[in-house]
file entry18.txt (compact mmCIF, C-alpha atoms)
# COMPACT_ATOMS: atom_id res chain seq x y z
CA MET A 1 -11.50 -28.02 -17.85
CA GLN A 2 -12.51 -24.62 -16.56
CA ALA A 3 -11.79 -21.68 -18.84
CA ILE A 4 -12.51 -19.07 -16.18
CA ARG A 5 -9.99 -18.19 -13.50
CA ILE A 6 -10.24 -15.92 -10.46
CA ILE A 7 -7.38 -13.50 -9.83
CA GLU A 8 -6.74 -10.54 -7.58
CA ILE A 9 -5.24 -7.23 -8.66
CA PRO A 10 -4.12 -5.22 -5.63
CA ASP A 11 -4.90 -1.55 -5.11
CA CYS A 12 -2.15 0.31 -6.93
CA LYS A 13 -1.29 3.32 -9.01
CA MET A 14 -1.59 3.20 -12.78
CA VAL A 15 -0.54 5.50 -15.56
CA SER A 16 -3.57 6.61 -17.58
CA SER A 17 -3.78 7.42 -21.27
CA GLY A 18 -6.90 9.46 -20.63
CA ILE A 19 -10.22 8.54 -22.26
CA GLY A 20 -10.17 7.78 -25.95
CA MET A 21 -10.10 5.06 -28.55
CA PHE A 22 -7.39 2.93 -30.12
CA GLY A 23 -5.88 4.60 -33.17
CA GLU A 24 -6.13 8.10 -31.69
CA GLU A 25 -2.92 10.12 -31.21
CA ASN A 26 -2.90 9.88 -27.41
CA PHE A 27 -3.33 6.09 -27.49
CA THR A 28 -0.59 5.74 -30.11
CA ALA A 29 1.73 7.82 -27.89
CA PHE A 30 0.74 5.80 -24.81
CA ASN A 31 1.48 2.52 -26.59
CA ALA A 32 4.87 3.83 -27.78
CA TRP A 33 5.71 4.95 -24.23
CA PHE A 34 5.06 1.65 -22.49
CA ALA A 35 6.27 -0.52 -25.40
CA ALA A 36 9.77 0.75 -24.58
CA PHE A 37 9.72 -1.18 -21.29
CA PRO A 38 11.01 -4.78 -21.23
CA ARG A 39 8.32 -7.40 -21.79
CA THR A 40 7.17 -9.21 -18.68
CA LYS A 41 5.53 -12.59 -18.20
CA ASP A 42 2.14 -10.98 -17.61
CA PRO A 43 0.95 -7.88 -19.48
CA ARG A 44 0.94 -4.74 -17.36
CA ASP A 45 -1.48 -2.74 -19.47
CA PHE A 46 -5.27 -2.85 -19.30
CA ALA A 47 -7.98 -1.30 -21.43
CA ALA A 48 -10.74 -0.30 -19.01
CA GLU A 49 -14.31 0.59 -19.94
CA ALA A 50 -14.96 4.31 -19.61
CA PRO A 51 -17.85 6.62 -20.51
CA GLY A 52 -17.19 7.82 -24.05
CA GLY A 53 -14.43 5.34 -24.82
CA VAL A 54 -11.66 3.43 -23.15
CA GLU A 55 -9.03 4.32 -20.58
CA TRP A 56 -5.72 2.58 -21.25
CA LEU A 57 -3.88 1.88 -18.00
CA TYR A 58 -0.35 0.72 -17.23
CA ILE A 59 0.81 -0.41 -13.77
CA TYR A 60 2.97 2.34 -12.26
CA GLU A 61 6.21 1.64 -10.43
CA ASP A 62 8.06 4.11 -8.20
CA GLY A 63 10.73 5.97 -10.13
CA MET A 64 9.03 5.47 -13.48
CA THR A 65 9.35 8.46 -15.83
CA VAL A 66 5.85 9.33 -17.04
CA PRO A 67 5.27 11.88 -19.82
CA GLU A 68 3.28 14.92 -18.67
CA ARG A 69 0.47 14.14 -21.10
CA PHE A 70 -0.43 11.02 -19.08
CA GLY A 71 -1.84 11.01 -15.56
CA ILE A 72 -1.13 8.75 -12.61
CA VAL A 73 -4.35 7.46 -11.06
CA ASP A 74 -5.31 5.40 -8.02
CA PHE A 75 -6.61 2.01 -9.10
CA LYS A 76 -9.08 0.18 -6.86
CA GLY A 77 -8.13 -3.45 -7.18
CA GLY A 78 -9.99 -6.55 -6.10
CA LEU A 79 -11.11 -9.90 -7.43
CA TYR A 80 -11.63 -10.51 -11.14
CA ALA A 81 -13.05 -13.41 -13.12
CA VAL A 82 -10.87 -13.76 -16.20
CA ASN A 83 -11.86 -15.37 -19.48
CA THR A 84 -9.66 -15.70 -22.58
CA ASP A 85 -10.91 -15.43 -26.15
CA ILE A 86 -9.92 -14.13 -29.58
CA ASP A 87 -9.55 -10.34 -29.67
CA GLN A 88 -12.34 -8.58 -31.56
CA GLN A 89 -14.20 -11.86 -32.20
CA THR A 90 -15.63 -12.49 -28.75
CA ASP A 91 -19.36 -13.01 -28.33
CA ILE A 92 -19.65 -10.89 -25.17
CA GLU A 93 -23.24 -12.03 -24.45
CA SER A 94 -22.26 -15.71 -24.51
CA MET A 95 -19.14 -15.05 -22.45
CA ASP A 96 -21.16 -13.11 -19.86
CA LYS A 97 -23.74 -15.90 -19.64
CA GLU A 98 -20.96 -18.43 -18.95
CA LEU A 99 -19.36 -16.07 -16.41
CA ARG A 100 -22.64 -15.46 -14.56
CA ALA A 101 -23.29 -19.21 -14.25
CA PHE A 102 -19.75 -19.82 -13.00
CA LEU A 103 -19.95 -16.97 -10.48
CA GLN A 104 -23.33 -18.04 -9.14
CA LYS A 105 -22.18 -21.65 -8.76
CA HIS A 106 -19.09 -20.58 -6.79
CA GLY A 107 -20.52 -17.85 -4.53
CA PHE A 108 -19.53 -14.70 -6.44
CA GLU A 109 -21.31 -11.91 -8.28
CA ARG A 110 -20.27 -9.06 -10.55
CA ASP A 111 -19.00 -5.96 -8.74
CA LYS A 112 -20.67 -3.12 -10.62
CA ASN A 113 -18.65 -0.51 -8.68
CA ARG A 114 -15.53 -1.34 -10.69
CA ARG A 115 -14.90 -1.40 -14.42
CA ARG A 116 -14.41 -4.28 -16.79
CA MET A 117 -11.03 -4.46 -18.46
CA GLY A 118 -9.10 -6.43 -21.00
CA ASN A 119 -5.60 -6.93 -22.31
CA ILE A 120 -3.90 -8.64 -25.20
CA ILE A 121 -1.83 -11.58 -23.95
CA THR A 122 -0.42 -12.90 -27.23
CA PRO A 123 3.21 -12.08 -28.08
CA PRO A 124 3.45 -10.40 -31.52
CA GLU A 125 5.38 -13.30 -33.07
CA ALA A 126 2.70 -15.80 -31.97
CA ALA A 127 -0.11 -13.53 -33.24
CA GLU A 128 1.61 -13.39 -36.62
CA VAL A 129 1.71 -17.18 -36.85
CA MET A 130 -1.87 -17.67 -35.59
CA GLY A 131 -3.36 -14.74 -37.50
CA PHE A 132 -5.06 -13.35 -34.39
CA SER A 133 -4.38 -12.22 -30.83
CA GLN A 134 -5.86 -13.64 -27.67
CA MET A 135 -7.36 -11.30 -25.12
CA ASP A 136 -8.01 -11.72 -21.42
CA TYR A 137 -11.34 -10.23 -20.34
CA TYR A 138 -11.51 -9.13 -16.70
CA MET A 139 -14.89 -8.91 -14.95
CA PRO A 140 -14.73 -7.34 -11.48
CA ILE A 141 -16.37 -9.62 -8.93
CA LYS A 142 -17.11 -9.83 -5.22
CA ILE A 143 -18.27 -12.51 -2.84
CA SER A 144 -22.06 -12.80 -3.00
CA CYS A 145 -24.00 -11.41 -0.09
CA ALA A 146 -25.88 -14.08 1.84
CA GLU A 147 -29.61 -13.44 2.00
call {"tool": "encode", "arguments": {"input": "entry18.txt", "output": "structure tokens"}}
result
Amino acid sequence: MQAIRIIEIPDCKMVSSGIGMFGEENFTAFNAWFAAFPRTKDPRDFAAEAPGGVEWLYIYEDGMTVPERFGIVDFKGGLYAVNTDIDQQTDIESMDKELRAFLQKHGFERDKNRRRMGNIITPPEAAEVMGFSQMDYYMPIKISCAE
């Protein structure tokens, strides 16, 4: 059974926390803001790699009331290879090795012009029972160029 899936996130607008780290005031406020929305089947928030920290993003919808402290940014979508593992216990090197082999076998390569992202997919009540949360890791990819 394959543990890697390919998805597409369309170009869209996202609300941005700004650059920081989890536990900081702005991230706590950002989490409180979007936690007030009804839960959806798929998480709508993404932690994206950023120089000096992380940028927490939430998919923007027209008419959404966004606090002034957060920005609305254009998000360049595209294809992503998605792997699931245990949050904060993932061996990133091993995961990347598996991803590279999968991508090469199927005609893809990493798109270094876009950022890696992740999100927690485990509902709080399930995380409490399991004792951990699962995280989806998103690697931006593109179709390999033929030589």
call {"tool": "axis_aligned_box", "arguments": {"input": "entry18.txt", "around": "segment 32-41 of chain A", "padding_each_side": "5 Å", "output": "AutoDock Vina command-line options"}}
result
--center_x 7.9 --center_y -3.8 --center_z -23.0 --size_x 16.1 --size_y 27.5 --size_z 19.6
call {"tool": "residues_around", "arguments": {"input": "entry18.txt", "residues": "Ser94 of chain A", "least_positions_apart": "6", "cutoff": "12 Å", "atoms": "all atoms listed in the file", "output": "PyMOL selection string"}}
result
chain A and resi 83+85+100-101
call {"tool": "residues_near_point", "arguments": {"input": "entry18.txt", "point": "(-9.0, -12.6, -32.0)", "cutoff": "9 Å", "atoms": "all atoms listed in the file", "output": "VMD selection string"}}
result
chain A and resid 85 to 90 131 to 135
call {"tool": "atom_distance", "arguments": {"input": "entry18.txt", "atom1": "atom CA of Glu61 of chain A", "atom2": "atom CA of Pro124 of chain A"}}
result
24.4 Å
call {"tool": "closest_residue", "arguments": {"input": "entry18.txt", "among": "A:Asn26, A:Thr40, A:Thr84, A:Asn31", "to": "Tyr137 of chain A", "atoms": "all atoms listed in the file"}}
result
A:Thr84
call {"tool": "residues_near_point", "arguments": {"input": "entry18.txt", "point": "(-13.1, -0.1, -19.8)", "cutoff": "10 Å", "atoms": "all atoms listed in the file", "output": "count of residues only"}}
result
19
call {"tool": "residues_around", "arguments": {"input": "entry18.txt", "residues": "Phe108 of chain A", "least_positions_apart": "2", "cutoff": "8 Å", "atoms": "all atoms listed in the file", "output": "PyMOL selection string"}}
result
chain A and resi 103-106+110+141-144
call {"tool": "atom_distance", "arguments": {"input": "entry18.txt", "atom1": "atom CA of Ile121 of chain A", "atom2": "atom CA of Pro43 of chain A"}}
result
6.4 Å
call {"tool": "closest_residue", "arguments": {"input": "entry18.txt", "among": "A:Tyr80, A:Tyr58, A:Phe102, A:Phe70", "to": "Ser17 of chain A", "atoms": "all atoms listed in the file"}}
result
A:Phe70
call {"tool": "closest_residue", "arguments": {"input": "entry18.txt", "among": "A:Met21, A:Met130, A:Ala81, A:Ala29", "to": "Asp111 of chain A", "atoms": "all atoms listed in the file"}}
result
A:Ala81
call {"tool": "closest_residue", "arguments": {"input": "entry18.txt", "among": "A:Ser16, A:Glu128, A:Ala3, A:Ile92", "to": "Gly71 of chain A", "atoms": "only C-alpha atoms"}}
result
A:Ser16
call {"tool": "closest_residue", "arguments": {"input": "entry18.txt", "among": "A:Ile120, A:Trp33, A:Ile72, A:Glu8", "to": "Met139 of chain A", "atoms": "all atoms listed in the file"}}
result
A:Glu8
call {"tool": "atom_distance", "arguments": {"input": "entry18.txt", "atom1": "atom CA of Gly63 of chain A", "atom2": "atom CA of Arg44 of chain A"}}
result
16.2 Å
call {"tool": "closest_residue", "arguments": {"input": "entry18.txt", "among": "A:Gly107, A:Ala36, A:Glu93, A:Val15", "to": "Pro67 of chain A", "atoms": "all atoms listed in the file"}}
result
A:Val15
call {"tool": "decode", "arguments": {"input": "entry18.txt", "residues": "segment 65-113 of chain A", "atoms": "N, CA and C atoms", "output": "mmCIF file, in the first residue's frame"}}
result
data_model
loop_
_atom_site.group_PDB
_atom_site.id
_atom_site.type_symbol
_atom_site.label_atom_id
_atom_site.label_comp_id
_atom_site.auth_asym_id
_atom_site.auth_seq_id
_atom_site.Cartn_x
_atom_site.Cartn_y
_atom_site.Cartn_z
ATOM 1 N N THR A 65 -14.183 37.693 7.970
ATOM 2 C CA THR A 65 -13.681 38.802 8.775
ATOM 3 C C THR A 65 -12.310 38.420 9.320
ATOM 4 N N VAL A 66 -11.296 39.187 8.901
ATOM 5 C CA VAL A 66 -9.911 38.886 9.283
ATOM 6 C C VAL A 66 -9.398 40.013 10.180
ATOM 7 N N PRO A 67 -8.901 39.688 11.377
ATOM 8 C CA PRO A 67 -8.333 40.720 12.242
ATOM 9 C C PRO A 67 -7.205 41.471 11.531
ATOM 10 N N GLU A 68 -7.082 42.761 11.831
ATOM 11 C CA GLU A 68 -6.080 43.604 11.177
ATOM 12 C C GLU A 68 -4.659 43.096 11.370
ATOM 13 N N ARG A 69 -4.409 42.414 12.460
ATOM 14 C CA ARG A 69 -3.041 41.955 12.743
ATOM 15 C C ARG A 69 -2.573 40.871 11.771
ATOM 16 N N PHE A 70 -3.496 40.252 11.033
ATOM 17 C CA PHE A 70 -3.145 39.201 10.083
ATOM 18 C C PHE A 70 -3.296 39.725 8.661
ATOM 19 N N GLY A 71 -2.426 39.280 7.778
ATOM 20 C CA GLY A 71 -2.489 39.689 6.387
ATOM 21 C C GLY A 71 -3.208 38.670 5.527
ATOM 22 N N ILE A 72 -3.609 39.095 4.355
ATOM 23 C CA ILE A 72 -4.169 38.187 3.346
ATOM 24 C C ILE A 72 -3.150 38.150 2.216
ATOM 25 N N VAL A 73 -2.691 36.944 1.892
ATOM 26 C CA VAL A 73 -1.617 36.784 0.912
ATOM 27 C C VAL A 73 -2.082 35.913 -0.254
ATOM 28 N N ASP A 74 -1.446 36.118 -1.410
ATOM 29 C CA ASP A 74 -1.675 35.248 -2.559
ATOM 30 C C ASP A 74 -0.864 33.978 -2.354
ATOM 31 N N PHE A 75 -1.506 32.852 -2.544
ATOM 32 C CA PHE A 75 -0.846 31.560 -2.377
ATOM 33 C C PHE A 75 -0.727 30.898 -3.736
ATOM 34 N N LYS A 76 0.490 30.579 -4.133
ATOM 35 C CA LYS A 76 0.756 29.874 -5.386
ATOM 36 C C LYS A 76 0.579 28.384 -5.131
ATOM 37 N N GLY A 77 -0.476 27.845 -5.660
ATOM 38 C CA GLY A 77 -0.772 26.429 -5.461
ATOM 39 C C GLY A 77 0.031 25.543 -6.397
ATOM 40 N N GLY A 78 -0.420 24.339 -6.562
ATOM 41 C CA GLY A 78 0.234 23.374 -7.427
ATOM 42 C C GLY A 78 0.119 21.976 -6.856
ATOM 43 N N LEU A 79 0.933 21.097 -7.386
ATOM 44 C CA LEU A 79 0.944 19.699 -6.951
ATOM 45 C C LEU A 79 1.782 19.533 -5.691
ATOM 46 N N TYR A 80 1.340 18.619 -4.829
ATOM 47 C CA TYR A 80 2.069 18.290 -3.606
ATOM 48 C C TYR A 80 2.072 16.783 -3.408
ATOM 49 N N ALA A 81 3.211 16.257 -2.978
ATOM 50 C CA ALA A 81 3.285 14.877 -2.504
ATOM 51 C C ALA A 81 3.052 14.960 -1.001
ATOM 52 N N VAL A 82 2.111 14.161 -0.506
ATOM 53 C CA VAL A 82 1.724 14.243 0.897
ATOM 54 C C VAL A 82 2.001 12.920 1.592
ATOM 55 N N ASN A 83 2.685 13.021 2.712
ATOM 56 C CA ASN A 83 3.025 11.882 3.557
ATOM 57 C C ASN A 83 2.440 12.138 4.935
ATOM 58 N N THR A 84 2.003 11.114 5.635
ATOM 59 C CA THR A 84 1.454 11.261 6.979
ATOM 60 C C THR A 84 2.367 10.558 7.973
ATOM 61 N N ASP A 85 2.600 11.220 9.106
ATOM 62 C CA ASP A 85 3.415 10.625 10.164
ATOM 63 C C ASP A 85 2.979 11.214 11.501
ATOM 64 N N ILE A 86 3.680 10.848 12.555
ATOM 65 C CA ILE A 86 3.376 11.343 13.889
ATOM 66 C C ILE A 86 4.032 12.706 14.066
ATOM 67 N N ASP A 87 3.242 13.692 14.487
ATOM 68 C CA ASP A 87 3.739 15.053 14.684
ATOM 69 C C ASP A 87 4.894 15.054 15.682
ATOM 70 N N GLN A 88 5.937 15.751 15.343
ATOM 71 C CA GLN A 88 7.132 15.970 16.148
ATOM 72 C C GLN A 88 7.952 14.694 16.397
ATOM 73 N N GLN A 89 7.647 13.619 15.682
ATOM 74 C CA GLN A 89 8.439 12.398 15.805
ATOM 75 C C GLN A 89 8.916 11.906 14.442
ATOM 76 N N THR A 90 8.700 12.685 13.421
ATOM 77 C CA THR A 90 9.015 12.266 12.061
ATOM 78 C C THR A 90 10.508 12.354 11.783
ATOM 79 N N ASP A 91 11.048 11.303 11.209
ATOM 80 C CA ASP A 91 12.424 11.303 10.724
ATOM 81 C C ASP A 91 12.375 11.900 9.319
ATOM 82 N N ILE A 92 12.619 13.207 9.232
ATOM 83 C CA ILE A 92 12.476 13.938 7.972
ATOM 84 C C ILE A 92 13.406 13.379 6.892
ATOM 85 N N GLU A 93 14.635 13.015 7.264
ATOM 86 C CA GLU A 93 15.577 12.462 6.272
ATOM 87 C C GLU A 93 15.032 11.183 5.643
ATOM 88 N N SER A 94 14.517 10.282 6.473
ATOM 89 C CA SER A 94 13.961 9.023 5.951
ATOM 90 C C SER A 94 12.725 9.286 5.102
ATOM 91 N N MET A 95 11.870 10.200 5.556
ATOM 92 C CA MET A 95 10.679 10.528 4.792
ATOM 93 C C MET A 95 11.067 11.116 3.436
ATOM 94 N N ASP A 96 12.040 12.028 3.426
ATOM 95 C CA ASP A 96 12.471 12.635 2.163
ATOM 96 C C ASP A 96 13.068 11.601 1.219
ATOM 97 N N LYS A 97 13.811 10.644 1.742
ATOM 98 C CA LYS A 97 14.394 9.591 0.909
ATOM 99 C C LYS A 97 13.275 8.787 0.235
ATOM 100 N N GLU A 98 12.252 8.428 1.005
ATOM 101 C CA GLU A 98 11.110 7.692 0.467
ATOM 102 C C GLU A 98 10.374 8.534 -0.575
ATOM 103 N N LEU A 99 10.183 9.824 -0.280
ATOM 104 C CA LEU A 99 9.508 10.713 -1.221
ATOM 105 C C LEU A 99 10.289 10.842 -2.528
ATOM 106 N N ARG A 100 11.601 11.052 -2.431
ATOM 107 C CA ARG A 100 12.419 11.196 -3.646
ATOM 108 C C ARG A 100 12.317 9.958 -4.529
ATOM 109 N N ALA A 101 12.383 8.780 -3.924
ATOM 110 C CA ALA A 101 12.288 7.532 -4.699
ATOM 111 C C ALA A 101 10.917 7.425 -5.370
ATOM 112 N N PHE A 102 9.875 7.751 -4.648
ATOM 113 C CA PHE A 102 8.519 7.706 -5.196
ATOM 114 C C PHE A 102 8.384 8.690 -6.359
ATOM 115 N N LEU A 103 8.858 9.911 -6.149
ATOM 116 C CA LEU A 103 8.740 10.944 -7.187
ATOM 117 C C LEU A 103 9.494 10.549 -8.447
ATOM 118 N N GLN A 104 10.720 10.079 -8.274
ATOM 119 C CA GLN A 104 11.535 9.682 -9.425
ATOM 120 C C GLN A 104 10.863 8.545 -10.195
ATOM 121 N N LYS A 105 10.334 7.582 -9.489
ATOM 122 C CA LYS A 105 9.677 6.428 -10.119
ATOM 123 C C LYS A 105 8.454 6.853 -10.937
ATOM 124 N N HIS A 106 7.777 7.928 -10.499
ATOM 125 C CA HIS A 106 6.513 8.309 -11.126
ATOM 126 C C HIS A 106 6.585 9.588 -11.960
ATOM 127 N N GLY A 107 7.806 10.072 -12.258
ATOM 128 C CA GLY A 107 7.954 11.196 -13.176
ATOM 129 C C GLY A 107 7.788 12.584 -12.575
ATOM 130 N N PHE A 108 8.054 12.718 -11.280
ATOM 131 C CA PHE A 108 7.960 14.010 -10.607
ATOM 132 C C PHE A 108 9.296 14.366 -9.967
ATOM 133 N N GLU A 109 9.410 15.630 -9.554
ATOM 134 C CA GLU A 109 10.557 16.090 -8.786
ATOM 135 C C GLU A 109 10.085 17.193 -7.851
ATOM 136 N N ARG A 110 10.877 17.480 -6.844
ATOM 137 C CA ARG A 110 10.531 18.547 -5.900
ATOM 138 C C ARG A 110 10.561 19.892 -6.622
ATOM 139 N N ASP A 111 9.584 20.736 -6.318
ATOM 140 C CA ASP A 111 9.530 22.098 -6.849
ATOM 141 C C ASP A 111 10.114 23.013 -5.770
ATOM 142 N N LYS A 112 11.346 23.422 -5.971
ATOM 143 C CA LYS A 112 12.037 24.225 -4.963
ATOM 144 C C LYS A 112 11.613 25.689 -4.977
ATOM 145 N N ASN A 113 10.708 26.064 -5.884
ATOM 146 C CA ASN A 113 10.201 27.435 -5.933
ATOM 147 C C ASN A 113 9.001 27.649 -5.013
#
